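Here the structure comes first, spelled out in structure tokens, and everything after it is commentary.
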Amino acid sequence: MAPDVSTREVFRLARAMTLKNAAAGLPHGGGKAGIVADPRASDKARLIRAFARAIRDLVEYIPGPDMGTDETCMGWMYDEMKRAVGLPRVLGGIPLDEIGATGFGLAECAEVAAASCNLTIKGATVAIEGFGNVGKHAARFLEEKGARLVAASDSKGTIYDPAGIPVAALMEAKAASGSVLGYSKGKKLGQADIFGLPCDILIPAARPDCIHKDNVETIQAKLILQGANIPATSEAETRLHQRGVLNIPDFIANAGGVTCASVEYHGGNEAQAFQEISQKIRRNTEEVLKHSLKAGIEPRKAAMDLARERVRQAMAFHVRG
């Protein structure tokens, strides 16, 4: 849900979901939907419920939370059509945003990928573009592994402190003020400034195409984990690869959320979800990096090869006619 979401963006996101589900070995296809509205609108419940009624008969589509929506929104949808994932615990769901499923997967991905770019997670510095449901949990889980958050941004700006920003303190400050700029220490910068700050690991976790030809040369990170879907243009990804920056594609790095949703849909619990996320993301990250190195290709091309082969294998079981 965003005021500027477009059909083109939703189409690209749907393709990314197809690749993500295939790469993760989930028994689902891929799709995406968008609601053109301000997620802070006072009539949000009415809009979500109207959307749910509109897709009630599209039974192949299982909605889950994404940017601008959360567990509460999924509860409203479930009330309207008895079909949604990422539900609140009180409705028997696994609240994937609340537990930080996608962020957990990003931290697991980081641990595997770090060895390929001469990084050690313990002591590594991290910058998060988009300190929301994905970004804040990625920061939290990476901090638990010994990394140090030095920068975080949201729609109002960037906070930067090379000495380190305690994740819990930043989460508390944002909850109280509505922005990371509410954090009392550090330097306050513009929203886009985060891409040029010194860090070992950069996690874009907000909107599409935030890494592009105009800022790709300023990036100083050794490792990029794509927490958002399609956060970099193809030209920018090629340039990062040329510069020796390891860039793990979205549908490999951020598959924790959809994996958690699938576990919930098939009757699993939180413990099983975390186990599945760790297993699938670690395995896929290893496979993609191995193929990328062996074939001398960009990680995204290696990931696409992996996902498309799994789609082809699945399609072989489908009888046409």
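Residue names in the structure tokens use chain letters A, B, ... in the order shown, residue numbers from 1 in each chain, and ligand numbers from 1 in the order shown.
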Name all residues at most 12 Å from Asp66 of chain A (count only C-alpha atoms; drop same-chain ones fewer than 5 positions away) and give them as a short mmCIF file (atom, residue, chain, number, x, y, z; two decimals) with C-alpha atoms, in the first residue's frame.
```cif
data_model
loop_
_atom_site.label_atom_id
_atom_site.label_comp_id
_atom_site.auth_asym_id
_atom_site.auth_seq_id
_atom_site.Cartn_x
_atom_site.Cartn_y
_atom_site.Cartn_z
CA MET A 1 0.00 0.00 0.00
CA ALA A 2 1.55 3.27 -1.18
CA VAL A 10 3.42 -4.58 -9.12
CA LEU A 13 7.27 -7.46 -7.83
CA MET A 17 7.82 -13.35 -5.96
CA LYS A 32 1.74 -9.31 -5.92
CA ALA A 33 -0.98 -6.72 -5.48
CA GLY A 34 -0.93 -3.01 -4.71
CA ILE A 35 -3.40 -0.60 -3.17
CA PRO A 39 -0.87 3.59 4.51
CA GLU A 71 -0.64 -8.31 10.71
CA THR A 72 -3.68 -6.21 11.56
CA CYS A 73 -4.40 -5.67 7.86
CA MET A 74 -4.17 -9.42 7.28
CA VAL A 85 -1.06 -15.31 5.89
CA GLY A 86 1.00 -13.34 8.37
CA PRO A 95 3.01 -12.56 12.67
CA LEU A 96 6.01 -12.54 10.34
CA ASP A 97 6.68 -8.81 10.64
CA THR A 102 12.60 -11.41 6.76
CA GLY A 132 10.99 -0.44 9.13
CA ASN A 133 9.59 -3.94 9.59
CA VAL A 134 12.40 -5.54 7.58
CA ALA A 205 15.04 -2.39 2.82
CA ALA A 206 12.50 0.07 1.44
CA ARG A 207 11.42 0.95 -2.10
CA GLY A 227 16.10 -6.56 2.00
CA ALA A 228 13.57 -4.87 -0.28
CA ASN A 229 12.27 -6.32 -3.52
CA GLY A 257 9.03 -13.58 5.07
CA VAL A 258 7.51 -15.70 2.32
CA ALA A 261 4.12 -17.36 5.43
#
```
(request) List the neighbours of Gly29 of chain A out to 10 Å using only C-alpha atoms; skip same-chain residues closer than 2 positions along the sequence, and give me the result as an MDAnalysis selection string. (result) chainID A and resid 14:15 17:22 26:27 31 60:61 311
Store the residues of this selection in a file with N, CA and C atoms, as a CSV table (one decimal), in the first residue's frame.
```
chain,number,residue,atom,x,y,z
A,14,ALA,N,5.7,-9.0,-8.8
A,14,ALA,CA,5.1,-10.4,-8.9
A,14,ALA,C,6.1,-11.3,-9.5
A,15,ARG,N,6.9,-10.9,-10.5
A,15,ARG,CA,7.9,-11.7,-11.1
A,15,ARG,C,8.9,-12.1,-10.0
A,17,MET,N,8.4,-12.4,-6.9
A,17,MET,CA,7.8,-13.4,-6.0
A,17,MET,C,7.8,-14.8,-6.6
A,18,THR,N,7.6,-14.8,-7.9
A,18,THR,CA,7.7,-16.1,-8.5
A,18,THR,C,9.1,-16.7,-8.4
A,19,LEU,N,10.1,-15.9,-8.6
A,19,LEU,CA,11.5,-16.4,-8.5
A,19,LEU,C,11.8,-16.7,-7.1
A,20,LYS,N,11.3,-15.9,-6.1
A,20,LYS,CA,11.6,-16.1,-4.7
A,20,LYS,C,11.0,-17.4,-4.2
A,21,ASN,N,9.7,-17.7,-4.5
A,21,ASN,CA,9.1,-18.9,-4.1
A,21,ASN,C,9.8,-20.1,-4.8
A,22,ALA,N,10.1,-20.0,-6.0
A,22,ALA,CA,10.8,-21.1,-6.7
A,22,ALA,C,12.2,-21.4,-6.1
A,26,LEU,N,9.3,-23.5,-2.4
A,26,LEU,CA,8.0,-23.4,-1.8
A,26,LEU,C,6.9,-23.9,-2.8
A,27,PRO,N,5.9,-24.6,-2.3
A,27,PRO,CA,4.8,-25.1,-3.2
A,27,PRO,C,3.8,-24.1,-3.6
A,31,GLY,N,2.9,-13.9,-6.9
A,31,GLY,CA,2.0,-12.8,-7.3
A,31,GLY,C,2.2,-11.6,-6.4
A,60,GLU,N,-6.7,-18.4,-6.0
A,60,GLU,CA,-5.3,-18.8,-6.1
A,60,GLU,C,-4.4,-17.8,-5.4
A,61,TYR,N,-4.9,-16.6,-5.1
A,61,TYR,CA,-4.1,-15.6,-4.6
A,61,TYR,C,-4.2,-15.5,-3.1
A,311,VAL,N,11.6,-23.8,-11.6
A,311,VAL,CA,10.3,-23.6,-12.2
A,311,VAL,C,10.1,-24.6,-13.3
```
(request) For atom CA of Gly30 of chain A and atom CA of Ala16 of chain A, determine how far apart the two atoms are, in Å to one decimal place. (result)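 That distance, rounded to one decimal, is 7.7 Å.
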Selection: 7 Å around Leu106 of chain A, only C-alpha atoms, excl. self and same-chain fewer than 2 positions, as a PDB file with C-alpha atoms, in the first residue's frame:
```pdb
ATOM      1  CA  THR A 102      12.602 -11.408   6.765  1.00  0.00           C
ATOM      2  CA  GLY A 103      15.212  -9.670   8.911  1.00  0.00           C
ATOM      3  CA  PHE A 104      16.251 -12.991  10.425  1.00  0.00           C
ATOM      4  CA  GLU A 108      21.495 -15.701   8.063  1.00  0.00           C
ATOM      5  CA  CYS A 109      22.320 -14.739   4.468  1.00  0.00           C
ATOM      6  CA  ALA A 110      24.935 -12.257   5.690  1.00  0.00           C
ATOM      7  CA  ALA A 138      17.774  -7.259  10.185  1.00  0.00           C
ATOM      8  CA  LEU A 225      21.902  -7.689   1.083  1.00  0.00           C
ATOM      9  CA  GLY A 227      16.104  -6.559   1.997  1.00  0.00           C
ATOM     10  CA  ALA A 253      18.333 -12.708   0.622  1.00  0.00           C
ATOM     11  CA  ASN A 254      14.845 -11.625   1.704  1.00  0.00           C
TER      12      ASN A 254
END
```
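The residue that comes closest to Gly178 of chain A, out of A:Pro166, A:Phe131, A:Glu298, A:Val5 and on the basis of only C-alpha atoms, is A:Phe131.
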(message) Quick one: residues within 9 Å of segment 264-274 of chain A, only C-alpha atoms, excluding same-chain residues fewer than 3 positions away - as number ranges by chain?
(response) A: 84-87, 92-96, 99, 101, 104-105, 256, 259-261, 277-279
(request) With a distance cut-off of 9 Å and only C-alpha atoms, select the neighbouring residues of Val180 of chain A, excluding the residue or stretch itself and same-chain residues fewer than 4 positions from it, and output the selection as a PyMOL selection string. (result) chain A and resi 131+152-154+156-159+170-171+173-175
(request) Could you find all residues in segment 167-321 of chain A that DSSP calls helix (DSSP H, G or I) from the backbone, and write them as an MDAnalysis selection string? (result) chainID A and resid 167:177 180:182 191:196 216:218 234:242 250:253 256:265 270:295 299:315
(message) Using only C-alpha atoms, which protein or nucleic acid residues come within 10 Å of Ala52 of chain A? Drop anything in the same chain fewer than 5 positions from it, and give the result as a PyMOL selection string.
(response) chain A and resi 46-47+57-58+63+73-74+76-84
(message) Taking 5 positions as the minimum chain separation for residues in the same chain, which residues sit within 9 Å of Pro204 of chain A when counting only C-alpha atoms? Answer as number ranges by chain.
(response) A: 127-130, 135, 195, 210-211, 224-228, 231-232
(message) Taking only C-alpha atoms into account, name the residue in A:Thr218, A:Ser155, A:Ser234, A:Asn118 that is nearest to Leu189 of chain A.
(response) A:Ser155
(request) Using only C-alpha atoms, pick whichever of A:Ala139, A:Val112, A:Ala192, A:Ala41 has the shortest atom-to-atom distance to Ala168 of chain A. (result)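 Among the listed residues, the smallest separation from Ala168 of chain A belongs to A:Ala139.
Computed from the coordinates, the atom CA of Pro198 of chain A to atom CA of Tyr160 of chain A distance equals 9.9 Å.
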(request) Can you work out which one of A:Asp305, A:Glu235, A:Asp161, A:Glu98 has the shortest atom-to-atom distance to Gly186 of chain A, counting only C-alpha atoms? (result)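 Ranked by minimum distance to Gly186 of chain A, first place goes to A:Asp161.
Checking A:Asp200, A:Glu287, A:Asp70, A:Glu237 one by one against Leu119 of chain A, counting only C-alpha atoms, you find the shortest gap at A:Asp200.
If you look at atom CA of Val319 of chain A and atom CA of Ala302 of chain A, they are 28.5 Å away from each other.
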